[in-house]
$ cat structure_37.cif   # mmCIF, C-alpha atoms
data_my_file
loop_
_atom_site.label_atom_id
_atom_site.label_comp_id
_atom_site.auth_asym_id
_atom_site.auth_seq_id
_atom_site.Cartn_x
_atom_site.Cartn_y
_atom_site.Cartn_z
CA MET A 1 6.83 234.11 135.73
CA PRO A 2 9.96 236.07 134.66
CA SER A 3 10.21 237.31 131.11
CA PRO A 4 12.51 235.43 128.73
CA ARG A 5 14.94 238.37 128.72
CA ARG A 6 15.28 238.41 132.55
CA PHE A 7 15.73 234.60 132.60
CA LEU A 8 18.50 234.88 130.01
CA GLU A 9 20.25 237.62 131.97
CA ALA A 10 20.02 235.63 135.22
CA SER A 11 21.25 232.44 133.62
CA THR A 12 24.28 234.16 132.14
CA SER A 13 25.28 236.23 135.15
CA LEU A 14 27.97 233.82 136.41
CA PRO A 15 29.91 233.70 133.13
CA LEU A 16 29.66 237.52 132.87
CA ILE A 17 30.96 238.00 136.40
CA ALA A 18 33.81 235.57 135.70
CA GLY A 19 34.63 237.52 132.57
CA TRP A 20 33.76 234.62 130.25
CA GLY A 21 30.97 236.41 128.32
CA TRP A 22 27.87 234.44 127.51
CA ASN A 23 29.04 232.67 124.39
CA LEU A 24 27.35 229.27 123.90
CA SER A 25 30.74 227.55 123.57
CA VAL A 26 31.33 228.10 127.29
CA TYR A 27 28.40 225.84 128.12
CA VAL A 28 29.51 223.24 125.60
CA GLY A 29 32.98 223.23 127.17
CA LEU A 30 31.64 222.83 130.70
CA PHE A 31 29.35 220.00 129.58
CA THR A 32 32.26 218.25 127.85
CA VAL A 33 34.47 218.48 130.96
CA LEU A 34 31.60 217.07 133.03
CA LEU A 35 31.21 214.13 130.64
CA VAL A 36 34.96 213.41 130.77
CA LEU A 37 34.95 213.42 134.58
CA MET A 38 31.94 211.10 134.68
CA GLY A 39 33.59 208.76 132.16
CA LEU A 40 36.79 208.67 134.21
CA LEU A 41 34.84 207.88 137.37
CA LEU A 42 32.94 205.10 135.59
CA TRP A 43 36.21 203.60 134.26
CA MET A 44 37.74 203.57 137.74
CA LEU A 45 34.66 201.82 139.14
CA MET A 46 34.70 199.19 136.36
CA LYS A 47 38.43 198.55 136.86
CA GLN A 48 37.95 198.05 140.58
CA LEU A 49 35.05 195.68 139.91
CA GLY A 50 37.13 193.74 137.37
CA ASN A 51 40.00 193.33 139.81
CA SER A 52 37.63 192.06 142.48
CA VAL A 53 36.04 189.54 140.13
CA GLY A 54 39.42 188.41 138.82
CA LYS A 55 40.76 187.79 142.29
CA SER A 56 37.69 185.77 143.20
CA LEU A 57 37.94 183.60 140.08
CA GLN A 58 41.70 183.10 139.86
CA PRO A 59 42.10 180.50 142.64
CA HIS A 60 39.32 178.40 141.16
CA LEU A 61 39.74 178.58 137.41
CA GLY A 62 43.53 178.62 137.27
CA SER A 63 44.62 177.79 133.77
CA PHE A 64 41.11 177.65 132.26
CA ASN A 65 41.24 181.34 131.37
CA LYS A 66 43.68 180.41 128.61
CA ILE A 67 41.97 177.34 127.18
CA ASP A 68 41.80 178.94 123.73
CA SER A 69 45.62 178.92 123.64
CA TRP A 70 45.50 175.25 122.64
CA PHE A 71 44.39 176.33 119.22
CA CYS A 72 47.40 178.67 118.89
CA GLY A 73 49.78 175.73 119.21
CA ARG A 74 51.11 176.60 122.64
CA VAL A 75 50.25 176.20 126.32
CA LEU A 76 50.18 179.13 128.73
CA ARG A 77 51.05 178.70 132.35
CA PRO A 78 48.96 180.30 135.12
CA ALA A 79 49.87 183.99 135.47
CA THR A 80 51.93 184.95 138.51
CA THR A 81 51.91 188.58 139.62
CA PRO A 82 54.45 190.02 142.09
CA SER A 83 51.85 189.94 144.87
CA LEU A 84 51.08 186.28 144.13
CA LEU A 85 54.79 185.45 144.13
CA THR A 86 55.09 186.89 147.61
CA ARG A 87 52.09 184.86 148.74
CA GLN A 88 53.48 181.72 147.08
CA LYS A 89 56.80 182.04 148.93
CA SER A 90 54.92 182.39 152.18
CA ASP A 91 52.76 179.33 151.42
CA LEU A 92 55.77 177.21 150.47
CA SER A 93 57.64 178.10 153.64
CA ARG A 94 54.66 176.94 155.69
CA THR A 95 54.18 173.65 153.87
CA GLY A 96 57.80 172.68 154.48
CA ASP A 97 60.20 170.50 152.55
CA ARG A 98 57.54 168.39 150.84
CA ILE A 99 56.67 170.98 148.18
CA HIS A 100 60.03 172.76 148.31
CA GLN A 101 61.84 169.65 147.07
CA GLN A 102 59.55 169.49 144.05
CA ALA A 103 59.85 173.17 143.08
CA THR A 104 63.13 172.64 141.27
CA ARG A 105 63.51 172.19 137.51
CA GLY A 106 60.07 170.80 136.81
CA SER A 107 57.54 172.23 134.36
CA VAL A 108 54.71 171.71 136.87
CA LYS A 109 54.81 173.85 140.02
CA PRO A 110 52.51 174.05 143.05
CA PHE A 111 49.53 176.14 141.95
CA VAL A 112 49.16 179.57 143.54
CA ASN A 113 45.98 180.22 145.57
CA PHE A 114 45.22 176.51 145.57
CA ASN A 115 41.78 175.46 146.83
CA ALA A 116 41.33 171.69 147.07
CA LYS A 117 37.60 171.84 147.82
CA HIS A 118 36.82 173.98 144.80
CA ASP A 119 39.03 171.90 142.51
CA ALA A 120 37.20 168.78 143.71
CA ASP A 121 33.86 170.44 142.93
CA VAL A 122 35.06 171.48 139.48
CA LEU A 123 36.14 167.92 138.69
CA ARG A 124 32.84 166.52 139.98
CA LYS A 125 30.90 168.93 137.76
CA ALA A 126 33.06 167.97 134.77
CA MET A 127 32.11 164.31 135.22
CA LYS A 128 28.51 164.67 136.38
CA GLY A 129 25.59 164.22 134.00
CA ILE A 130 25.64 163.32 130.31
CA GLY A 131 29.10 163.50 128.75
CA THR A 132 32.45 164.38 130.26
CA ASP A 133 34.32 167.69 130.07
CA GLU A 134 37.76 166.28 129.27
CA ASP A 135 39.30 169.74 128.73
CA THR A 136 38.44 170.85 132.26
CA ILE A 137 39.78 167.63 133.77
CA LEU A 138 43.07 167.53 131.91
CA MET A 139 43.87 171.21 132.36
CA LEU A 140 43.10 171.24 136.08
CA VAL A 141 44.95 168.01 136.90
CA ALA A 142 48.01 168.92 134.80
CA ALA A 143 48.22 172.37 136.43
CA ARG A 144 48.44 171.06 140.01
CA SER A 145 51.43 169.54 141.77
CA ASN A 146 51.23 165.94 142.93
CA ASP A 147 50.86 166.98 146.57
CA GLN A 148 47.97 169.22 145.59
CA ARG A 149 46.35 166.37 143.64
CA GLN A 150 46.41 164.24 146.79
CA GLU A 151 44.59 167.03 148.65
CA ILE A 152 42.04 167.19 145.84
CA LYS A 153 41.45 163.43 146.13
CA ALA A 154 40.81 163.77 149.87
CA ALA A 155 38.51 166.77 149.39
CA TYR A 156 36.60 164.92 146.65
CA LYS A 157 36.04 161.92 148.90
CA LYS A 158 34.90 164.13 151.77
CA ALA A 159 32.55 166.31 149.70
CA HIS A 160 31.11 163.73 147.32
CA GLY A 161 31.67 160.37 149.02
CA LYS A 162 33.39 158.94 145.97
CA ASP A 163 36.88 157.85 144.99
CA LEU A 164 38.25 160.37 142.48
CA GLY A 165 40.56 157.84 140.83
CA LYS A 166 37.70 155.42 140.17
CA ASP A 167 35.47 158.19 138.82
CA LEU A 168 38.22 159.34 136.45
CA ARG A 169 38.69 155.79 135.18
CA SER A 170 34.96 155.39 134.54
CA GLU A 171 34.62 158.75 132.76
CA LEU A 172 37.80 158.79 130.67
CA GLY A 173 39.18 156.28 128.23
CA GLY A 174 42.23 155.25 126.26
CA LYS A 175 45.58 156.97 126.61
CA LEU A 176 44.10 160.07 128.25
CA GLU A 177 42.73 157.88 131.04
CA ASP A 178 46.14 156.25 131.53
CA LEU A 179 47.83 159.66 131.73
CA ILE A 180 45.37 161.34 134.10
CA VAL A 181 45.17 158.33 136.44
CA ALA A 182 48.98 158.20 136.52
CA LEU A 183 49.13 161.88 137.47
CA MET A 184 46.78 161.28 140.40
CA ALA A 185 49.04 158.67 142.02
CA PRO A 186 51.81 159.66 144.49
CA PRO A 187 55.25 159.21 142.83
CA ALA A 188 56.40 156.24 144.92
CA ILE A 189 53.09 154.40 144.47
CA TYR A 190 53.08 155.13 140.74
CA ASP A 191 56.60 153.70 140.33
CA ALA A 192 55.72 150.70 142.51
CA ASN A 193 52.65 149.99 140.39
CA GLU A 194 54.66 150.29 137.17
CA LEU A 195 57.25 147.84 138.49
CA HIS A 196 54.56 145.38 139.64
CA LYS A 197 52.86 145.54 136.25
CA ALA A 198 56.23 144.99 134.54
CA ILE A 199 57.01 141.93 136.67
CA LYS A 200 53.59 140.31 137.01
CA GLY A 201 52.27 140.91 133.51
CA VAL A 202 52.64 138.55 130.56
CA GLY A 203 56.42 138.34 130.27
CA THR A 204 58.74 140.81 131.96
CA GLU A 205 58.85 144.45 130.84
CA ASP A 206 62.59 144.77 131.39
CA LYS A 207 62.75 148.31 130.01
CA VAL A 208 60.50 149.46 132.88
CA LEU A 209 62.71 147.80 135.52
CA ILE A 210 65.81 149.29 133.91
CA GLU A 211 64.39 152.80 133.53
CA ILE A 212 63.06 153.14 137.07
CA LEU A 213 65.82 151.41 139.05
CA ALA A 214 68.65 153.05 137.11
CA SER A 215 67.28 156.59 137.31
CA ARG A 216 65.80 156.96 140.79
CA THR A 217 67.81 158.15 143.79
CA CYS A 218 68.50 155.89 146.75
CA ASP A 219 65.87 157.66 148.84
CA GLU A 220 63.32 157.33 146.06
CA ILE A 221 64.01 153.61 145.63
CA LYS A 222 63.55 153.05 149.36
CA GLU A 223 60.16 154.78 149.19
CA ILE A 224 59.24 152.72 146.13
CA SER A 225 60.10 149.48 147.98
CA LYS A 226 57.89 150.50 150.91
CA ALA A 227 55.03 151.41 148.59
CA TYR A 228 55.43 148.13 146.69
CA LYS A 229 55.11 146.11 149.89
CA LYS A 230 52.10 148.13 151.04
CA GLU A 231 50.26 148.12 147.71
CA HIS A 232 51.03 144.59 146.54
CA GLY A 233 51.79 142.62 149.73
CA ALA A 234 55.18 141.41 148.51
CA LYS A 235 58.81 142.45 148.56
CA LEU A 236 60.09 144.12 145.41
CA GLU A 237 63.43 142.33 145.68
CA LYS A 238 61.78 138.92 145.96
CA ASP A 239 59.52 139.52 142.97
CA ILE A 240 62.48 140.69 140.88
CA MET A 241 64.48 137.60 141.81
CA GLY A 242 61.56 135.40 140.82
CA ASP A 243 61.30 136.98 137.37
CA THR A 244 64.95 137.58 136.35
CA SER A 245 68.24 135.71 136.39
CA GLY A 246 72.01 135.88 136.07
CA HIS A 247 74.17 138.98 136.25
CA TYR A 248 71.20 141.11 135.20
CA GLN A 249 69.29 139.92 138.28
CA ARG A 250 72.27 140.58 140.53
CA LEU A 251 72.62 144.20 139.44
CA LEU A 252 68.88 144.79 139.81
CA VAL A 253 68.99 143.44 143.36
CA ILE A 254 71.97 145.68 144.20
CA LEU A 255 70.08 148.73 142.89
CA VAL A 256 67.00 147.83 144.94
CA GLN A 257 69.15 147.88 148.10
CA ALA A 258 69.55 151.64 147.50
CA ASN A 259 72.79 151.66 149.43
CA ARG A 260 75.26 153.47 147.18
CA ASP A 261 78.39 155.03 148.66
CA GLU A 262 78.21 158.74 149.38
CA GLY A 263 80.45 161.40 147.88
CA VAL A 264 83.75 160.87 146.06
CA ASP A 265 86.56 158.67 147.34
CA GLU A 266 89.52 160.24 145.53
CA SER A 267 91.80 157.40 146.58
CA ARG A 268 89.62 154.90 144.71
CA VAL A 269 88.90 156.80 141.47
CA GLU A 270 92.01 155.69 139.57
CA LYS A 271 91.82 152.18 141.05
CA ASP A 272 88.17 151.74 139.98
CA ALA A 273 88.94 152.93 136.47
CA LYS A 274 91.84 150.47 136.13
CA GLU A 275 89.73 147.59 137.51
CA LEU A 276 86.97 148.32 134.98
CA PHE A 277 89.52 148.38 132.17
CA ALA A 278 91.07 145.12 133.37
CA ALA A 279 87.60 143.53 133.65
CA GLY A 280 86.80 144.20 130.01
CA GLU A 281 89.03 145.71 127.38
CA GLU A 282 92.26 144.29 128.78
CA LYS A 283 91.26 140.63 129.02
CA PHE A 284 89.71 137.87 126.97
CA GLY A 285 86.13 137.61 128.09
CA THR A 286 84.46 139.90 130.60
CA ASP A 287 84.44 140.05 134.38
CA GLU A 288 80.80 141.12 134.73
CA ASP A 289 80.95 141.02 138.52
CA LYS A 290 83.53 143.79 138.57
CA PHE A 291 81.34 146.06 136.44
CA ILE A 292 78.31 145.24 138.59
CA ASN A 293 80.09 145.91 141.91
CA ILE A 294 81.55 149.26 140.88
CA LEU A 295 78.66 150.63 138.82
CA GLY A 296 76.05 149.38 141.28
CA ASN A 297 77.60 150.68 144.50
CA ARG A 298 79.55 153.89 143.83
CA SER A 299 77.89 157.30 143.99
CA ALA A 300 77.07 159.18 140.79
CA GLU A 301 79.65 161.86 141.64
CA HIS A 302 82.33 159.24 142.14
CA LEU A 303 81.42 157.39 138.94
CA ARG A 304 81.70 160.53 136.83
CA LYS A 305 85.31 160.89 137.89
CA VAL A 306 85.90 157.20 137.27
CA PHE A 307 84.53 157.54 133.74
CA ASP A 308 86.91 160.43 133.02
CA ALA A 309 89.85 158.39 134.28
CA TYR A 310 88.65 155.34 132.31
CA LYS A 311 88.61 157.30 129.05
CA LYS A 312 92.25 158.31 129.55
CA ILE A 313 93.25 154.70 130.18
CA ALA A 314 91.11 152.96 127.53
CA GLY A 315 91.03 155.70 124.92
CA CYS A 316 87.23 155.43 124.64
CA ASP A 317 84.10 156.12 126.65
CA ILE A 318 82.96 153.39 129.01
CA GLU A 319 79.69 153.09 127.05
CA GLU A 320 81.64 151.84 124.03
CA SER A 321 83.36 149.21 126.15
CA LEU A 322 80.06 148.04 127.65
CA LYS A 323 78.54 147.61 124.19
CA ASP A 324 81.53 145.45 123.21
CA GLU A 325 81.70 143.44 126.43
CA CYS A 326 78.07 142.84 127.40
CA THR A 327 74.80 141.88 125.73
CA GLY A 328 71.06 141.74 126.33
CA ASN A 329 69.40 143.10 129.47
CA LEU A 330 72.67 143.35 131.39
CA GLU A 331 74.12 145.60 128.71
CA ALA A 332 70.97 147.75 128.68
CA LEU A 333 70.97 148.07 132.48
CA LEU A 334 74.69 148.89 132.74
CA LEU A 335 74.36 151.52 130.00
CA ALA A 336 71.36 153.07 131.76
CA VAL A 337 73.28 153.22 135.06
CA VAL A 338 76.22 154.92 133.32
CA LYS A 339 74.02 157.42 131.50
CA CYS A 340 72.09 158.30 134.66
CA ALA A 341 75.35 158.71 136.62
CA LYS A 342 76.44 161.21 133.98
CA SER A 343 73.10 163.03 133.59
CA VAL A 344 69.60 161.85 134.44
CA PRO A 345 67.94 164.54 132.27
CA ALA A 346 70.13 163.52 129.29
CA TYR A 347 69.12 159.88 129.82
CA PHE A 348 65.44 160.80 129.74
CA ALA A 349 65.87 163.11 126.74
CA GLU A 350 67.23 160.10 124.85
CA THR A 351 64.58 157.72 126.20
CA VAL A 352 61.63 159.99 125.41
CA ARG A 353 63.05 160.49 121.91
CA GLU A 354 63.15 156.74 121.37
CA SER A 355 59.56 156.41 122.60
CA MET A 356 58.32 158.61 119.74
CA ARG A 357 60.78 158.26 116.89
CA ARG A 358 60.68 154.51 116.40
CA ALA A 359 57.99 152.67 114.42
CA GLY A 360 54.86 153.59 116.34
CA THR A 361 54.72 155.57 119.57
CA ASP A 362 55.57 153.81 122.83
CA ASP A 363 52.84 155.58 124.81
CA GLU A 364 53.51 153.71 128.04
CA THR A 365 57.10 154.97 128.15
CA LEU A 366 56.08 158.46 127.01
CA ILE A 367 53.43 158.71 129.75
CA ARG A 368 55.79 157.35 132.40
CA ILE A 369 58.50 159.90 131.58
CA MET A 370 56.17 162.89 131.29
CA VAL A 371 54.45 162.01 134.59
CA SER A 372 57.56 161.14 136.60
CA ARG A 373 59.76 164.04 135.40
CA SER A 374 57.20 166.87 135.16
CA GLU A 375 57.96 168.10 138.69
CA ARG A 376 61.65 167.16 138.79
CA ASP A 377 63.74 168.01 135.72
CA MET A 378 61.48 168.47 132.68
CA LEU A 379 63.02 171.87 131.91
CA ASP A 380 66.48 170.28 131.73
CA ILE A 381 65.17 167.41 129.61
CA ARG A 382 63.66 169.92 127.18
CA ALA A 383 66.88 171.90 126.90
CA ILE A 384 69.01 168.82 126.29
CA TYR A 385 66.46 167.43 123.82
CA LYS A 386 66.50 170.63 121.77
CA LYS A 387 70.29 170.81 121.74
CA LYS A 388 70.79 167.16 120.83
CA TYR A 389 68.03 166.66 118.27
CA GLY A 390 67.54 170.14 116.80
CA GLU A 391 63.83 170.28 117.54
CA SER A 392 61.78 170.89 120.64
CA LEU A 393 60.23 168.12 122.71
CA TYR A 394 56.96 170.05 122.42
CA SER A 395 56.96 169.89 118.61
CA THR A 396 57.81 166.17 118.63
CA ILE A 397 54.85 165.47 120.93
CA GLN A 398 52.64 167.52 118.60
CA GLU A 399 53.70 165.40 115.63
CA ASP A 400 53.34 162.02 117.37
CA THR A 401 50.13 162.41 119.38
CA ASP A 402 46.68 163.95 119.02
CA GLY A 403 43.46 164.91 120.76
CA ASP A 404 43.00 165.49 124.48
CA TYR A 405 45.89 163.12 125.16
CA GLN A 406 48.16 165.46 123.22
CA LYS A 407 46.83 168.51 125.09
CA ALA A 408 47.66 166.97 128.47
CA LEU A 409 51.16 165.92 127.36
CA LEU A 410 51.90 169.39 126.00
CA TYR A 411 50.75 170.98 129.24
CA LEU A 412 53.10 168.71 131.20
CA CYS A 413 55.89 169.59 128.77
CA GLY A 414 55.37 173.20 129.78
CA GLY A 415 56.29 175.13 126.65
CA ASN A 416 57.85 175.16 123.20
CA ASP A 417 61.60 175.85 123.13
#

$ encode --input "structure_37.cif" --output "structure tokens"
Amino acid sequence: MPSPRRFLEASTSLPLIAGWGWNLSVYVGLFTVLLVLMGLLLWMLMKQLGNSVGKSLQPHLGSFNKIDSWFCGRVLRPATTPSLLTRQKSDLSRTGDRIHQQATRGSVKPFVNFNAKHDADVLRKAMKGIGTDEDTILMLVAARSNDQRQEIKAAYKKAHGKDLGKDLRSELGGKLEDLIVALMAPPAIYDANELHKAIKGVGTEDKVLIEILASRTCDEIKEISKAYKKEHGAKLEKDIMGDTSGHYQRLLVILVQANRDEGVDESRVEKDAKELFAAGEEKFGTDEDKFINILGNRSAEHLRKVFDAYKKIAGCDIEESLKDECTGNLEALLLAVVKCAKSVPAYFAETVRESMRRAGTDDETLIRIMVSRSERDMLDIRAIYKKKYGESLYSTIQEDTDGDYQKALLYLCGGND
């Protein structure tokens, strides 16, 4: 066994050769550098592991990683990194026009890294056993596009042998149930069901007929008519005629035909404006048929030019003339047609305001607007709402609703302006 002196000399030979001396601080420095290198290596390994876990969870959890944001008074959308954006563009190009048409000015977009099977399993787990996880249900459903929800319904039926819509109805209740079930229906079927309920219920819900038929495009109305026949075994036009009358009925029937002129006929703009003026302001009494024919058959682009010309002739907006010349449901329908010809988002900004700022909240109208516009023009509705009323749509919903129902509405709203 070497003596302690020889061991010390041998152990310090390298620093002496290198010219470091054999001061103890050299060893402390080397040990510190070694610890730093090991720490750096460990950090890199943990980061790589975190990225791998995050990528595996992201497609499945989606917006659930921000559930605590509800308590901060705002809703956070699913994060989208540059790499996910590239993947999303590729996915959208493959799925064709169906999703592309929806990815416009809506607050709800097709979810990135969508997995219908996993979403179906998550929903099943949220409803299985004692109690229901409403937070999971509302945040998942509100964060998926309508097309994706239809895929989830199919995957749920295939994996669990149950109808997702029926399970949601049995597990949820009240206004939250109405909202979630509405979100699960395809747009045309949802509108068809709303119209059927408005016609076949106790009395006629004229505001529903007016809202839907005045605001939907011709293509949308044609799809609604098909869905109505398929779902309810009757023609929409026939049911409307059996439940309405007079000039109001006639304009509704014209709108159901979904056969408006296309584009702008410059040669008719001035003529239409003069005929509208002659049918109302310029005569004793009102020629309702003239208003119905022009407002029910011309394109929105054409009507906007007619309204400008009308204002020059009459010295007032056409809305003012309609309020003076017409009454009741016909007046309400004509005004809705005019407002939608000018701006559909502005019409809905006004309508959603009325649903919450009158005595009591009109939840049926609020749900219908938030569901039907969330993938179309909710961002425009929000902007117009804020400009016109001086407060955000988000804050108004916060004041007028509560609970899980409020959470779902706020998520569909998409943010606080």

$ residues_around --input "structure_37.cif" --residues "Tyr156 (chain A)" --least-positions-apart "4" --cutoff "6 Å" --atoms "all atoms listed in the file" --output "ChimeraX atom specification"
/A:120,152,160

$ resolve_selection --input "structure_37.cif" --expression "the PyMOL selection byres ((chain A and resi 117) around 12)" --output "list of chain:residue names"
A:Pro59, A:His60, A:Phe114, A:Asn115, A:Ala116, A:His118, A:Asp119, A:Ala120, A:Asp121, A:Val122, A:Leu123, A:Arg124, A:Gln148, A:Arg149, A:Gln150, A:Glu151, A:Ile152, A:Lys153, A:Ala154, A:Ala155, A:Tyr156, A:Lys157, A:Lys158, A:Ala159, A:His160

$ closest_residue --input "structure_37.cif" --among "A:Pro345, A:Glu177, A:Glu171, A:Ser372" --to "Ile189 (chain A)" --atoms "only C-alpha atoms"
A:Ser372

$ closest_residue --input "structure_37.cif" --among "A:Asp417, A:Gly129, A:Ala300, A:Gly280" --to "Lys323 (chain A)" --atoms "only C-alpha atoms"
A:Gly280

$ resolve_selection --input "structure_37.cif" --expression "the PyMOL selection byres ((chain A and resi 201-216) around 10)" --output "ChimeraX atom specification"
/A:191-192,194-200,217-222,224,240,243-244,248,251-256,258,296,329-330,332-341,343-345,347-348,351,364-365,368-369,372

$ closest_residue --input "structure_37.cif" --among "A:Glu270, A:Ile180, A:Lys312, A:Leu30" --to "Leu164 (chain A)" --atoms "only C-alpha atoms"
A:Ile180

$ residues_around --input "structure_37.cif" --residues "Phe307 (chain A)" --least-positions-apart "4" --cutoff "8 Å" --atoms "only C-alpha atoms" --output "number ranges by chain"
A: 273, 303, 311, 317-318

$ write_last_selection --input "structure_37.cif" --atoms "C-alpha atoms" --output "PDB file, keeping the file's coordinate frame"
ATOM      1  CA  ALA A 273      88.940 152.930 136.470  1.00  0.00           C
ATOM      2  CA  LEU A 303      81.420 157.390 138.940  1.00  0.00           C
ATOM      3  CA  LYS A 311      88.610 157.300 129.050  1.00  0.00           C
ATOM      4  CA  ASP A 317      84.100 156.120 126.650  1.00  0.00           C
ATOM      5  CA  ILE A 318      82.960 153.390 129.010  1.00  0.00           C
TER       6      ILE A 318
END

$ atom_distance --input "structure_37.cif" --atom1 "CA of Thr361 (chain A)" --atom2 "CA of Asp178 (chain A)"
14.7 Å

$ atom_distance --input "structure_37.cif" --atom1 "CA of Glu223 (chain A)" --atom2 "CA of Ala182 (chain A)"
17.2 Å

$ atom_distance --input "structure_37.cif" --atom1 "CA of Glu301 (chain A)" --atom2 "CA of Glu266 (chain A)"
10.7 Å

$ resolve_selection --input "structure_37.cif" --expression "the PyMOL selection byres ((chain A and resi 176) around 12)" --output "MDAnalysis selection string"
chainID A and resid 134:135 137:139 141:142 168:169 171:175 177:183 363:364 367 401:409

$ write_last_selection --input "structure_37.cif" --atoms "C-alpha atoms" --output "compact mmCIF listing (two decimals), keeping the file's coordinate frame"
# COMPACT_ATOMS: atom_id res chain seq x y z
CA GLU A 134 37.76 166.28 129.27
CA ASP A 135 39.30 169.74 128.73
CA ILE A 137 39.78 167.63 133.77
CA LEU A 138 43.07 167.53 131.91
CA MET A 139 43.87 171.21 132.36
CA VAL A 141 44.95 168.01 136.90
CA ALA A 142 48.01 168.92 134.80
CA LEU A 168 38.22 159.34 136.45
CA ARG A 169 38.69 155.79 135.18
CA GLU A 171 34.62 158.75 132.76
CA LEU A 172 37.80 158.79 130.67
CA GLY A 173 39.18 156.28 128.23
CA GLY A 174 42.23 155.25 126.26
CA LYS A 175 45.58 156.97 126.61
CA GLU A 177 42.73 157.88 131.04
CA ASP A 178 46.14 156.25 131.53
CA LEU A 179 47.83 159.66 131.73
CA ILE A 180 45.37 161.34 134.10
CA VAL A 181 45.17 158.33 136.44
CA ALA A 182 48.98 158.20 136.52
CA LEU A 183 49.13 161.88 137.47
CA ASP A 363 52.84 155.58 124.81
CA GLU A 364 53.51 153.71 128.04
CA ILE A 367 53.43 158.71 129.75
CA THR A 401 50.13 162.41 119.38
CA ASP A 402 46.68 163.95 119.02
CA GLY A 403 43.46 164.91 120.76
CA ASP A 404 43.00 165.49 124.48
CA TYR A 405 45.89 163.12 125.16
CA GLN A 406 48.16 165.46 123.22
CA LYS A 407 46.83 168.51 125.09
CA ALA A 408 47.66 166.97 128.47
CA LEU A 409 51.16 165.92 127.36

$ residues_around --input "structure_37.cif" --residues "Glu288 (chain A)" --least-positions-apart "6" --cutoff "12 Å" --atoms "only C-alpha atoms" --output "number ranges by chain"
A: 246-248, 250-251, 275-281, 294-296, 322, 325-327, 330-331, 334
